[in-house]
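Shown below: run-v4.txt, with compact mmCIF, C-alpha atoms.
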```txt
# COMPACT_ATOMS: atom_id res chain seq x y z
CA MET A 1 -1.45 14.81 77.75
CA PHE A 2 -4.57 13.80 75.83
CA LYS A 3 -5.19 15.03 72.35
CA ARG A 4 -8.44 16.72 71.61
CA PHE A 5 -10.49 14.97 68.99
CA SER A 6 -12.90 16.88 66.81
CA PHE A 7 -15.79 15.03 65.30
CA LYS A 8 -17.91 16.69 62.65
CA LEU A 9 -20.90 15.01 61.05
CA THR A 10 -21.49 15.30 57.32
CA TYR A 11 -24.80 16.68 56.07
CA THR A 12 -26.22 13.22 55.38
CA GLN A 13 -25.03 11.88 58.73
CA THR A 14 -26.68 14.79 60.52
CA ILE A 15 -30.01 14.08 58.80
CA ALA A 16 -29.87 10.32 59.43
CA PHE A 17 -28.75 10.62 63.04
CA GLY A 18 -31.24 13.43 63.64
CA PHE A 19 -34.12 11.18 62.61
CA LEU A 20 -32.71 8.40 64.77
CA MET A 21 -32.44 10.60 67.86
CA ILE A 22 -36.01 11.87 67.47
CA ILE A 23 -37.22 8.27 67.17
CA ILE A 24 -35.43 7.32 70.39
CA VAL A 25 -36.82 10.33 72.27
CA GLY A 26 -40.33 9.67 70.94
CA ALA A 27 -40.14 6.00 71.91
CA SER A 28 -39.02 6.95 75.42
CA VAL A 29 -42.08 9.18 75.84
CA LEU A 30 -44.46 6.56 74.39
CA CYS A 31 -43.17 4.01 76.91
CA LEU A 32 -44.51 6.08 79.81
CA PRO A 33 -47.81 5.15 81.50
CA ILE A 34 -49.17 8.62 80.72
CA SER A 35 -49.05 7.77 77.00
CA SER A 36 -51.39 4.76 77.22
CA LYS A 37 -55.10 4.75 78.05
CA SER A 38 -54.68 1.88 80.49
CA GLY A 39 -51.99 3.76 82.42
CA ASP A 40 -49.57 0.86 81.97
CA TRP A 41 -46.03 0.93 80.60
CA THR A 42 -45.81 0.13 76.87
CA PRO A 43 -43.09 -2.43 76.03
CA PRO A 44 -39.96 -0.58 74.80
CA LEU A 45 -39.76 -2.43 71.48
CA ASP A 46 -43.43 -1.74 70.74
CA ALA A 47 -42.97 1.94 71.62
CA LEU A 48 -39.86 2.08 69.41
CA PHE A 49 -41.79 0.48 66.53
CA THR A 50 -44.61 3.02 66.88
CA ALA A 51 -42.19 5.96 67.12
CA THR A 52 -40.34 4.76 64.03
CA SER A 53 -43.62 4.44 62.16
CA ALA A 54 -44.63 7.99 63.19
CA ILE A 55 -41.33 9.74 62.44
CA CYS A 56 -40.98 7.82 59.17
CA VAL A 57 -44.62 8.79 58.38
CA THR A 58 -45.53 5.19 57.67
CA GLY A 59 -48.59 4.27 59.74
CA LEU A 60 -47.91 0.59 60.42
CA VAL A 61 -49.14 0.03 63.97
CA LEU A 62 -49.05 -2.75 66.56
CA PHE A 63 -51.97 -1.24 68.50
CA ASP A 64 -55.06 0.59 67.39
CA THR A 65 -54.13 4.26 67.86
CA TYR A 66 -57.43 5.29 69.46
CA THR A 67 -57.90 2.38 71.87
CA HIS A 68 -54.30 2.02 73.08
CA TRP A 69 -52.87 5.55 73.28
CA SER A 70 -54.16 8.26 75.59
CA VAL A 71 -54.84 11.78 74.32
CA PHE A 72 -51.31 12.67 75.45
CA GLY A 73 -49.90 9.71 73.52
CA GLN A 74 -51.93 10.63 70.44
CA ILE A 75 -50.65 14.21 70.55
CA VAL A 76 -47.07 12.92 70.85
CA LEU A 77 -47.70 10.72 67.80
CA ILE A 78 -49.12 13.49 65.63
CA LEU A 79 -46.26 15.83 66.60
CA MET A 80 -43.79 13.15 65.52
CA VAL A 81 -45.74 12.71 62.28
CA GLN A 82 -45.57 16.46 61.63
CA THR A 83 -41.83 16.47 62.38
CA GLY A 84 -41.17 13.50 60.13
CA GLY A 85 -43.40 14.88 57.37
CA ILE A 86 -41.89 18.31 56.82
CA GLY A 87 -38.44 17.33 58.14
CA PHE A 88 -36.80 18.04 61.46
CA MET A 89 -34.26 20.40 59.84
CA THR A 90 -37.17 22.52 58.63
CA LEU A 91 -38.41 22.85 62.20
CA VAL A 92 -34.92 23.65 63.49
CA THR A 93 -34.61 26.39 60.88
CA MET A 94 -37.97 27.89 61.80
CA PHE A 95 -36.95 28.02 65.46
CA SER A 96 -33.75 29.82 64.41
CA ILE A 97 -35.78 32.30 62.37
CA PHE A 98 -38.14 32.96 65.29
CA ARG A 99 -35.11 33.60 67.50
CA LYS A 100 -33.75 35.95 64.77
CA ARG A 101 -30.63 33.85 64.53
CA LYS A 102 -28.63 33.94 61.30
CA ILE A 103 -28.75 30.75 59.21
CA GLY A 104 -25.17 29.75 58.39
CA LEU A 105 -23.78 28.02 55.30
CA HIS A 106 -23.59 24.65 57.05
CA GLU A 107 -27.25 24.81 58.02
CA ARG A 108 -28.21 25.88 54.50
CA GLN A 109 -26.42 22.83 53.09
CA LEU A 110 -28.35 20.67 55.55
CA LEU A 111 -31.60 22.23 54.38
CA VAL A 112 -30.76 21.48 50.74
CA HIS A 113 -30.36 17.79 51.64
CA SER A 114 -33.35 17.71 53.99
CA ALA A 115 -35.88 19.57 51.83
CA GLY A 116 -34.80 17.87 48.62
CA THR A 117 -34.31 21.13 46.78
CA LEU A 118 -31.94 21.61 43.87
CA LYS A 119 -30.40 24.99 44.74
CA LEU A 120 -28.62 26.48 47.74
CA SER A 121 -29.78 30.01 46.96
CA GLY A 122 -33.22 30.81 48.33
CA VAL A 123 -33.38 27.66 50.47
CA VAL A 124 -34.39 29.57 53.64
CA ARG A 125 -37.16 31.32 51.72
CA LEU A 126 -38.29 27.90 50.45
CA ILE A 127 -38.38 26.55 54.01
CA LYS A 128 -40.61 29.44 55.08
CA ARG A 129 -42.95 28.67 52.19
CA ILE A 130 -42.97 24.98 53.11
CA VAL A 131 -44.03 25.67 56.70
CA LYS A 132 -46.61 28.30 55.75
CA GLY A 133 -47.97 26.15 52.93
CA ALA A 134 -48.16 23.04 55.10
CA LEU A 135 -50.03 24.86 57.86
CA CYS A 136 -52.48 26.45 55.40
CA ILE A 137 -53.20 23.15 53.64
CA GLU A 138 -53.62 21.30 56.94
CA LEU A 139 -55.94 24.07 58.16
CA ALA A 140 -58.07 23.78 55.02
CA GLY A 141 -58.18 20.00 55.45
CA THR A 142 -59.16 20.41 59.10
CA ILE A 143 -62.08 22.69 58.23
CA LEU A 144 -63.43 20.32 55.56
CA LEU A 145 -63.07 17.22 57.71
CA ALA A 146 -64.64 19.01 60.71
CA LEU A 147 -67.78 19.53 58.61
CA ARG A 148 -68.24 15.76 58.66
CA PHE A 149 -66.67 14.77 61.98
CA CYS A 150 -68.28 17.37 64.27
CA PRO A 151 -71.92 16.34 63.59
CA ARG A 152 -71.05 12.73 64.43
CA MET A 153 -68.59 13.19 67.30
CA GLY A 154 -69.50 16.54 68.80
CA PHE A 155 -67.65 19.82 68.23
CA LYS A 156 -64.65 19.29 70.51
CA SER A 157 -63.96 15.66 69.58
CA GLY A 158 -64.78 16.27 65.91
CA LEU A 159 -62.37 19.21 65.66
CA TYR A 160 -59.62 17.22 67.39
CA ASN A 161 -60.13 14.31 64.98
CA ALA A 162 -60.18 16.70 62.02
CA VAL A 163 -56.82 18.19 63.02
CA PHE A 164 -55.29 14.75 63.65
CA HIS A 165 -56.44 13.25 60.35
CA SER A 166 -55.61 16.35 58.32
CA VAL A 167 -52.00 16.37 59.56
CA SER A 168 -51.74 12.59 59.16
CA ALA A 169 -53.06 12.69 55.58
CA PHE A 170 -50.93 15.64 54.47
CA CYS A 171 -47.79 14.02 55.92
CA SER A 172 -48.71 10.71 54.24
CA ALA A 173 -48.68 8.98 57.63
CA GLY A 174 -51.91 6.95 57.70
CA PHE A 175 -52.42 7.15 61.48
CA ASP A 176 -56.12 7.37 62.35
CA LEU A 177 -58.41 7.57 65.37
CA MET A 178 -61.32 5.62 63.91
CA GLY A 179 -60.86 2.81 66.42
CA ARG A 180 -63.72 4.50 68.28
CA ASN A 181 -65.98 2.67 65.80
CA LYS A 182 -63.99 -0.48 65.17
CA GLN A 183 -60.31 -1.25 65.74
CA PHE A 184 -58.01 -0.91 62.69
CA SER A 185 -60.99 0.24 60.58
CA SER A 186 -59.25 3.33 59.15
CA LEU A 187 -61.75 5.39 57.11
CA SER A 188 -64.02 2.49 56.12
CA GLU A 189 -66.95 4.16 57.95
CA TYR A 190 -66.65 7.06 55.49
CA ALA A 191 -66.33 5.01 52.30
CA ASP A 192 -69.51 6.61 50.91
CA ASP A 193 -68.69 10.16 52.05
CA PRO A 194 -67.36 12.20 49.10
CA VAL A 195 -66.24 15.14 51.28
CA VAL A 196 -64.00 12.99 53.50
CA ASN A 197 -62.67 10.97 50.56
CA ILE A 198 -61.86 13.91 48.29
CA THR A 199 -60.37 15.93 51.16
CA VAL A 200 -58.04 13.10 52.22
CA ILE A 201 -57.13 12.44 48.57
CA MET A 202 -56.21 16.09 48.01
CA LEU A 203 -54.16 16.19 51.23
CA ILE A 204 -52.23 13.06 50.23
CA VAL A 205 -51.57 14.28 46.68
CA THR A 206 -50.58 17.78 47.82
CA GLY A 207 -48.16 16.43 50.41
CA GLY A 208 -46.76 13.90 47.95
CA ILE A 209 -45.92 16.08 44.94
CA GLY A 210 -42.88 17.66 46.62
CA PHE A 211 -41.90 21.00 48.07
CA VAL A 212 -39.88 21.98 44.98
CA VAL A 213 -43.01 21.54 42.87
CA TRP A 214 -44.94 23.72 45.32
CA ASP A 215 -42.38 26.46 44.88
CA ASP A 216 -42.55 26.17 41.11
CA ILE A 217 -46.35 26.41 41.09
CA ALA A 218 -46.23 29.40 43.46
CA ARG A 219 -43.78 31.24 41.19
CA HIS A 220 -45.25 30.34 37.78
CA LYS A 221 -48.91 29.69 38.70
CA LEU A 222 -50.51 27.43 36.06
CA THR A 223 -48.03 28.19 33.26
CA PHE A 224 -46.76 24.63 32.85
CA ARG A 225 -44.16 25.42 30.18
CA ASN A 226 -42.27 27.66 32.64
CA TYR A 227 -41.90 24.94 35.27
CA GLU A 228 -38.55 23.33 35.96
CA LEU A 229 -37.97 19.89 34.41
CA HIS A 230 -38.30 18.21 37.81
CA SER A 231 -41.76 19.70 38.36
CA LYS A 232 -42.94 18.79 34.86
CA ILE A 233 -41.88 15.16 35.28
CA ALA A 234 -43.25 14.88 38.84
CA LEU A 235 -46.66 16.34 37.94
CA THR A 236 -47.02 14.36 34.71
CA THR A 237 -46.02 11.04 36.29
CA THR A 238 -48.24 11.65 39.33
CA GLY A 239 -51.24 12.38 37.13
CA LEU A 240 -50.67 9.30 34.98
CA LEU A 241 -50.27 7.03 38.00
CA ILE A 242 -53.48 8.31 39.59
CA VAL A 243 -55.55 7.92 36.41
CA VAL A 244 -54.13 4.53 35.41
CA GLY A 245 -54.41 3.20 38.97
CA TRP A 246 -57.97 4.51 39.20
CA LEU A 247 -59.05 2.70 36.02
CA LEU A 248 -57.27 -0.54 36.90
CA PHE A 249 -58.75 -0.71 40.41
CA ALA A 250 -62.22 -0.03 38.98
CA VAL A 251 -61.75 -3.02 36.66
CA PHE A 252 -59.94 -5.41 39.04
CA GLU A 253 -62.27 -4.83 42.00
CA SER A 254 -65.59 -4.45 40.15
CA GLY A 255 -66.50 -7.97 41.23
CA GLY A 256 -64.64 -7.74 44.52
CA VAL A 257 -64.59 -5.09 47.27
CA LEU A 258 -66.42 -2.60 45.01
CA SER A 259 -69.20 -4.97 43.94
CA GLU A 260 -71.72 -3.84 46.58
CA MET A 261 -71.19 -0.09 46.02
CA GLU A 262 -73.25 2.25 43.88
CA GLY A 263 -71.81 3.92 40.78
CA HIS A 264 -70.45 7.18 42.23
CA ASP A 265 -69.36 5.49 45.47
CA LYS A 266 -67.53 2.87 43.44
CA ALA A 267 -65.73 5.57 41.41
CA ILE A 268 -64.62 7.46 44.54
CA ALA A 269 -63.48 4.26 46.28
CA ALA A 270 -61.44 3.22 43.22
CA LEU A 271 -59.84 6.69 43.10
CA PHE A 272 -59.03 6.46 46.81
CA MET A 273 -57.43 3.03 46.29
CA SER A 274 -55.28 4.53 43.52
CA VAL A 275 -54.03 7.45 45.63
CA THR A 276 -53.56 5.98 49.11
CA PRO A 277 -50.94 3.28 48.25
CA ARG A 278 -48.62 6.04 47.11
CA THR A 279 -47.71 6.44 50.80
CA GLY A 280 -51.08 7.74 52.07
CA GLY A 281 -51.80 4.73 54.26
CA PHE A 282 -55.54 5.26 54.79
CA SER A 283 -58.13 2.82 53.49
CA THR A 284 -61.87 2.87 52.89
CA VAL A 285 -62.09 -0.83 52.01
CA HIS A 286 -60.63 -3.84 53.77
CA THR A 287 -57.17 -4.38 52.28
CA ALA A 288 -57.17 -8.09 53.13
CA GLU A 289 -60.23 -8.54 50.88
CA LEU A 290 -58.61 -7.17 47.71
CA SER A 291 -58.34 -9.44 44.69
CA GLU A 292 -54.95 -10.88 43.72
CA SER A 293 -54.67 -8.28 40.95
CA GLY A 294 -55.64 -5.53 43.36
CA VAL A 295 -53.02 -6.63 45.89
CA PHE A 296 -50.27 -6.74 43.27
CA LEU A 297 -51.24 -3.33 41.87
CA THR A 298 -51.20 -1.91 45.40
CA ILE A 299 -47.71 -3.32 45.99
CA ILE A 300 -46.48 -1.71 42.75
CA LEU A 301 -47.93 1.68 43.69
CA MET A 302 -46.48 1.43 47.22
CA PHE A 303 -43.05 0.68 45.78
CA ILE A 304 -43.26 3.76 43.50
CA GLY A 305 -44.51 6.17 46.17
CA GLY A 306 -44.70 9.94 45.75
CA SER A 307 -42.34 12.59 44.42
CA SER A 308 -38.87 13.56 45.63
CA GLY A 309 -38.56 16.18 48.36
CA SER A 310 -42.06 15.48 49.67
CA THR A 311 -43.69 13.83 52.67
CA ALA A 312 -43.99 10.60 50.69
CA GLY A 313 -41.70 7.57 50.42
CA GLY A 314 -41.02 4.95 47.74
CA ILE A 315 -38.55 5.08 44.87
CA LYS A 316 -40.34 8.29 43.77
CA THR A 317 -42.23 9.25 40.62
CA THR A 318 -39.24 10.98 39.04
CA THR A 319 -37.13 7.84 39.42
CA LEU A 320 -39.80 5.81 37.63
CA ALA A 321 -39.99 8.41 34.87
CA VAL A 322 -36.20 8.47 34.40
CA LEU A 323 -36.09 4.66 34.13
CA ALA A 324 -38.94 4.66 31.60
CA LEU A 325 -37.30 7.41 29.55
CA THR A 326 -33.95 5.58 29.72
CA SER A 327 -35.56 2.41 28.38
CA PHE A 328 -37.19 4.40 25.60
CA ALA A 329 -33.89 6.09 24.71
CA ALA A 330 -32.02 2.76 24.74
CA ALA A 331 -34.64 1.15 22.48
CA ARG A 332 -34.19 3.97 19.96
CA LYS A 333 -30.39 3.93 20.40
CA MET A 334 -30.36 7.57 21.48
CA ARG A 335 -27.16 8.93 23.03
CA HIS A 336 -28.92 10.88 25.77
CA VAL A 337 -32.10 10.65 27.83
CA THR A 338 -34.41 13.59 27.16
CA ALA A 339 -37.75 14.88 28.44
CA PHE A 340 -39.68 18.05 27.59
CA LYS A 341 -36.84 19.10 25.23
CA ARG A 342 -34.27 18.89 28.01
CA ARG A 343 -31.43 16.38 28.50
CA ILE A 344 -31.37 14.55 31.81
CA ASP A 345 -27.92 14.42 33.39
CA ASP A 346 -26.19 11.03 33.01
CA CYS A 347 -25.42 11.01 36.74
CA ILE A 348 -29.17 11.15 37.50
CA VAL A 349 -29.79 8.23 35.16
CA ARG A 350 -27.18 6.12 36.98
CA GLU A 351 -28.55 7.08 40.39
CA ALA A 352 -32.09 6.16 39.34
CA GLY A 353 -30.96 2.70 38.26
CA ALA A 354 -28.93 2.24 41.44
CA LEU A 355 -31.82 3.37 43.65
CA VAL A 356 -34.26 0.86 42.20
CA CYS A 357 -31.66 -1.90 42.37
CA VAL A 358 -30.90 -1.16 46.03
CA TYR A 359 -34.58 -0.91 47.01
CA PHE A 360 -35.39 -4.15 45.20
CA THR A 361 -32.43 -5.90 46.87
CA VAL A 362 -33.39 -4.63 50.34
CA VAL A 363 -37.03 -5.68 49.93
CA THR A 364 -36.00 -9.10 48.61
CA ALA A 365 -33.65 -9.67 51.53
CA ALA A 366 -36.29 -8.48 54.02
CA VAL A 367 -38.95 -10.75 52.53
CA LEU A 368 -36.62 -13.76 52.70
CA ILE A 369 -35.84 -13.03 56.36
CA LEU A 370 -39.49 -12.43 57.26
CA CYS A 371 -40.55 -15.65 55.53
CA ALA A 372 -38.00 -17.53 57.64
CA LEU A 373 -39.19 -15.82 60.85
CA GLU A 374 -42.96 -15.80 60.37
CA SER A 375 -45.62 -18.24 59.19
CA PHE A 376 -47.64 -15.74 57.13
CA SER A 377 -48.14 -16.19 53.39
CA LEU A 378 -45.68 -14.74 50.87
CA LYS A 379 -48.36 -12.32 49.67
CA GLN A 380 -48.91 -10.93 53.17
CA ILE A 381 -45.19 -10.59 53.89
CA LEU A 382 -44.39 -8.98 50.54
CA PHE A 383 -47.26 -6.54 51.06
CA GLU A 384 -45.98 -5.66 54.55
CA ALA A 385 -42.38 -5.18 53.36
CA ALA A 386 -43.43 -2.98 50.42
CA SER A 387 -45.64 -0.94 52.73
CA ALA A 388 -42.78 -0.44 55.20
CA ILE A 389 -40.06 0.61 52.77
CA GLY A 390 -42.56 2.75 50.86
CA THR A 391 -43.60 4.37 54.18
CA VAL A 392 -47.23 3.66 53.29
CA GLY A 393 -48.84 2.02 56.31
CA LEU A 394 -51.31 -0.27 54.57
CA SER A 395 -51.37 -3.80 55.94
CA MET A 396 -53.18 -7.07 55.40
CA GLY A 397 -53.63 -7.34 59.15
CA ILE A 398 -50.39 -9.07 60.17
CA THR A 399 -48.54 -6.15 61.82
CA PRO A 400 -49.87 -6.68 65.39
CA PHE A 401 -48.88 -10.37 65.24
CA LEU A 402 -45.24 -9.94 64.19
CA GLY A 403 -42.53 -11.39 66.43
CA ASN A 404 -39.80 -9.20 67.92
CA ALA A 405 -37.21 -10.05 65.24
CA ALA A 406 -39.72 -9.32 62.47
CA LYS A 407 -40.57 -5.97 64.10
CA VAL A 408 -36.89 -4.99 63.92
CA VAL A 409 -36.79 -5.86 60.21
CA ILE A 410 -39.89 -3.76 59.52
CA MET A 411 -38.45 -0.85 61.53
CA LEU A 412 -35.27 -0.93 59.44
CA LEU A 413 -37.34 -0.90 56.25
CA MET A 414 -39.35 2.10 57.46
CA PHE A 415 -36.18 3.98 58.42
CA ILE A 416 -34.51 3.27 55.07
CA GLY A 417 -37.68 4.27 53.23
CA ARG A 418 -37.94 7.64 54.99
CA VAL A 419 -34.28 8.66 55.18
CA GLY A 420 -33.46 7.36 51.71
CA TRP A 421 -30.80 4.93 50.61
CA LEU A 422 -28.37 7.61 49.39
CA THR A 423 -28.54 9.47 52.70
CA LEU A 424 -28.11 6.23 54.65
CA VAL A 425 -25.17 4.99 52.55
CA PHE A 426 -23.38 8.34 52.77
CA ALA A 427 -24.09 8.50 56.51
CA LEU A 428 -22.52 5.08 57.10
CA ALA A 429 -19.70 5.20 54.60
CA GLY A 430 -18.98 8.92 54.27
CA GLU A 431 -18.18 10.69 51.02
CA HIS A 432 -16.19 8.89 48.32
CA TYR A 433 -14.04 10.51 45.67
CA ASP A 434 -13.01 8.83 42.44
CA PRO A 435 -9.27 8.61 41.79
CA PRO A 436 -8.05 10.93 38.98
CA VAL A 437 -7.59 8.02 36.59
CA GLU A 438 -9.49 7.47 33.34
CA ARG A 439 -10.11 3.76 32.91
CA VAL A 440 -10.03 2.07 29.49
CA PRO A 441 -13.63 1.41 28.35
CA GLU A 442 -14.67 -2.04 27.14
CA LYS A 443 -18.05 -3.36 26.04
CA ILE A 444 -19.86 -6.40 27.50
CA LEU A 445 -23.00 -8.24 26.45
CA ILE A 446 -26.27 -7.58 28.32
CA GLY A 447 -29.89 -8.54 27.78
```

What would the structure in this file look like if it were written as structure tokens?
Amino acid sequence: MFKRFSFKLTYTQTIAFGFLMIIIVGASVLCLPISSKSGDWTPPLDALFTATSAICVTGLVLFDTYTHWSVFGQIVLILMVQTGGIGFMTLVTMFSIFRKRKIGLHERQLLVHSAGTLKLSGVVRLIKRIVKGALCIELAGTILLALRFCPRMGFKSGLYNAVFHSVSAFCSAGFDLMGRNKQFSSLSEYADDPVVNITVIMLIVTGGIGFVVWDDIARHKLTFRNYELHSKIALTTTGLLIVVGWLLFAVFESGGVLSEMEGHDKAIAALFMSVTPRTGGFSTVHTAELSESGVFLTIILMFIGGSSGSTAGGIKTTTLAVLALTSFAAARKMRHVTAFKRRIDDCIVREAGALVCVYFTVVTAAVLILCALESFSLKQILFEAASAIGTVGLSMGITPFLGNAAKVVIMLLMFIGRVGWLTLVFALAGEHYDPPVERVPEKILIG
């Protein structure tokens, strides 16, 4: 007589395996002849790469999205982008709500992990706000982009492109349909259009500040002092990164890719270059033509990414802030790390250090492997690896020429960047509990 085995996934395993299953299903659909304009089968590995890039809202592509994929394939891609952007658990919850099905405790715990919120109470209400807010923002972006796209492309095509690019920008995906003008050109045709630039910038920033911050702003409006500590740190760090990046790009590229632009066009282009590396993935200038300083600054911004619990990737703005505050506290020999008159939990400080260490180790290992597999320069490979793990989508033009082994490495980086290292580690290793033993402390020398 056989014993019955019960197998129950943890919350983190459910999230990780959920993303994986959606990627596999999406890749299976993209393989079909109906998904390509030529009517031919797309190689399975290439379809899997594209599906991973879409679900992980990255935007690295082997084919130009407009010229290779049919309208059906493009719709499949943007649906995967939407799913990956707001989280598949969010969509599952909304379906349950529409069916008037009660959301159980297990599902609520999943939502806490998936949405990146801090509290179990009110999580379903937060999910409703996320979906409503996302749809409203994407609608506003669609209307603004349609004002520019419809006169050029016609009403039907312009509206379709407006919807596609609005969703892609809000979800920080970087997929575009501008191959109708020139393959892999992204938004370079609109480099001098302030409406398109500002709209895409606002969509990227809004999607990248985090759903918890949204909720805080909705509850407390513009009263900054009433925001939670997470929101204060996320908003402050985001603002500083945008301004500092804007100024540095204006200086570094004044004699480079910005040299032939007029004053206001140059300012907008520099602002766009500051925002889009933080997982936006669009570009209005040719990335391969950036100066050495511009390339390195872009890699740094890609590695940082957006805020926690958002559509963005990277180590996150709050992680950067915690590390900076920890360094400041250590330099002043302070016992605790504080911000805005609040003490940051010691566990968060340790996790921030571990996260950066793990991301740096993974990127280093990936770069070493890619350098052994491919003949591209170190700069190009480092840029590609940072873009993948940061789920950005910017490239120096080497993605379509990667070998099969290199494609697998990039896919793993995109998956790790979207799911998160903590989720992935817990999914593979399960939960770990410390033994009830207090170890004897001893000091060592560092630095």

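When all atoms listed in the file are used to compute distances to A:Phe175, the closest of the residues A:Ala321, A:Leu382, A:Ala352, A:Leu60 turns out to be A:Leu60.
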
Subject >> Coordinates-based distance that separates atom CA of A:Trp214 from atom CA of A:Thr142 (Å, one decimal) >> reply: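 Between atom CA of A:Thr142 and atom CA of A:Trp214 the gap works out to 20.1 Å.
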
**OP:** Identify which of the residues A:Asp265, A:Asp176, A:Glu228, A:Glu384 lies closest to A:Asp193, counting all atoms listed in the file when measuring atom-to-atom distances.
**Re:**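 Nearest to A:Asp193: A:Asp265.
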
**OP:** List the neighbours of stretch 146-153 of chain A out to 12 Å using only C-alpha atoms; skip same-chain residues closer than 3 positions along the sequence, and give me the result as number ranges by chain.
**Re:** A: 138-143, 156-166, 177-178, 180-181, 187, 189-190, 193-197, 199

**OP:** Go through A:Leu229, A:Thr223, A:Ala51, A:Asp40 one by one, measure the shortest atom-to-atom distance of each to A:Ser28 using only C-alpha atoms, and give the residue with the smallest value.
**Re:** A:Ala51

**OP:** Counting only C-alpha atoms, write as a PyMOL selection string all protein and nucleic acid residues lying at most 9 Å from (-55.0, 5.9, 75.0) in the file's frame.
**Re:** chain A and resi 34-39+65-74

**OP:** Point out the residue among A:Ile348, A:Ile23, A:Ala405, A:Val131 with the least atom-to-atom distance to A:Thr52, counting only C-alpha atoms.
**Re:**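 The closest residue to A:Thr52 is A:Ile23.
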
Using all atoms listed in the file, tabulate the residues of stretch 180-273 of chain A lying at most 10 Å from any atom of stretch 300-319 of chain A, each with its closest atom pair and that distance in Å to one decimal, by chain and increasing residue number, as JSON lines.
```
{"residue": "A:Ile204", "atom": "CA", "partner": "A:Ala312", "partner_atom": "CA", "distance": 8.6}
{"residue": "A:Val205", "atom": "CA", "partner": "A:Gly306", "partner_atom": "CA", "distance": 8.2}
{"residue": "A:Thr206", "atom": "CA", "partner": "A:Ser310", "partner_atom": "CA", "distance": 9.0}
{"residue": "A:Gly207", "atom": "CA", "partner": "A:Thr311", "partner_atom": "CA", "distance": 5.6}
{"residue": "A:Gly208", "atom": "CA", "partner": "A:Gly306", "partner_atom": "CA", "distance": 5.0}
{"residue": "A:Ile209", "atom": "CA", "partner": "A:Ser307", "partner_atom": "CA", "distance": 5.0}
{"residue": "A:Gly210", "atom": "CA", "partner": "A:Ser310", "partner_atom": "CA", "distance": 3.8}
{"residue": "A:Phe211", "atom": "CA", "partner": "A:Ser310", "partner_atom": "CA", "distance": 5.7}
{"residue": "A:Val212", "atom": "CA", "partner": "A:Gly309", "partner_atom": "CA", "distance": 6.8}
{"residue": "A:Val213", "atom": "CA", "partner": "A:Gly309", "partner_atom": "CA", "distance": 8.9}
{"residue": "A:Trp214", "atom": "CA", "partner": "A:Ser310", "partner_atom": "CA", "distance": 9.8}
{"residue": "A:His230", "atom": "CA", "partner": "A:Thr318", "partner_atom": "CA", "distance": 7.4}
{"residue": "A:Ser231", "atom": "CA", "partner": "A:Thr318", "partner_atom": "CA", "distance": 9.1}
{"residue": "A:Lys232", "atom": "CA", "partner": "A:Thr318", "partner_atom": "CA", "distance": 9.6}
{"residue": "A:Ile233", "atom": "CA", "partner": "A:Thr318", "partner_atom": "CA", "distance": 6.2}
{"residue": "A:Ala234", "atom": "CA", "partner": "A:Thr318", "partner_atom": "CA", "distance": 5.6}
{"residue": "A:Leu235", "atom": "CA", "partner": "A:Ser307", "partner_atom": "CA", "distance": 8.6}
{"residue": "A:Thr236", "atom": "CA", "partner": "A:Thr317", "partner_atom": "CA", "distance": 9.2}
{"residue": "A:Thr237", "atom": "CA", "partner": "A:Thr317", "partner_atom": "CA", "distance": 6.0}
{"residue": "A:Thr238", "atom": "CA", "partner": "A:Thr317", "partner_atom": "CA", "distance": 6.6}
{"residue": "A:Leu241", "atom": "CA", "partner": "A:Leu301", "partner_atom": "CA", "distance": 8.2}
{"residue": "A:Ile242", "atom": "CA", "partner": "A:Leu301", "partner_atom": "CA", "distance": 9.6}
{"residue": "A:Gly245", "atom": "CA", "partner": "A:Leu301", "partner_atom": "CA", "distance": 8.2}
{"residue": "A:Met273", "atom": "CA", "partner": "A:Leu301", "partner_atom": "CA", "distance": 9.9}
```

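Taking only C-alpha atoms into account, A:Pro43 lies nearest to A:Cys31 out of the set A:Cys31, A:Thr276, A:Ala339, A:Gly255.
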
**OP:** Go through A:Gly59, A:Gly263, A:Gly390, A:Gly280 one by one, measure the shortest atom-to-atom distance of each to A:Met80 using all atoms listed in the file, and give the residue with the smallest value.
**Re:**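 Looking at the shortest contact to A:Met80, the residue is A:Gly59.
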
**OP:** Measure the distance from atom CA of A:Ser327 to atom CA of A:Asn226 in Å and round it to one decimal.
**Re:** 26.5 Å

**OP:** Can you work out the spacing between atom CA of A:Leu373 and atom CA of A:Leu62 in Å, to one decimal?
**Re:** 17.3 Å

Original post:
Around (-47.6, 1.7, 51.0) in the file's own coordinates, what residues are found within 6 Å if you use only C-alpha atoms, given back as an NGL selection string?
Top reply: :A and (277-279 or 302 or 387 or 390-394)

**OP:** Write out as an MDAnalysis selection string the residues lying within 10 Å of A:Phe401, counting all atoms listed in the file and excluding same-chain residues fewer than 4 positions away.
**Re:** chainID A and resid 62 374 376 397 406:407

Subject >> Polymer residues at most 9 Å from stretch 355-363 of chain A, all atoms listed in the file, same-chain spacing of 4 or more positions, as a PyMOL selection string >> reply: chain A and resi 303+314-315+319-320+350-351+367-368+382+385-386+389+413+417+421-422

Let me have the centre and edge lengths of the axis-aligned box enclosing all listed atoms of stretch 230-239 of chain A with 8 Å padding on every side, in Å to one decimal, as AutoDock Vina command-line options.
```
--center_x -44.8 --center_y 15.4 --center_z 37.0 --size_x 28.9 --size_y 24.7 --size_z 20.6
```

**OP:** Would you kindly return, as a list in words, each protein, DNA or RNA residue with an atom no farther than 9 Å from any atom of A:Val409, considering all atoms listed in the file and excluding same-chain residues fewer than 5 positions away?
**Re:**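 After dropping sequence-adjacent residues, the list is Ala366, Ile369, Leu370, Ala385, Asn404 and Met414 of chain A.
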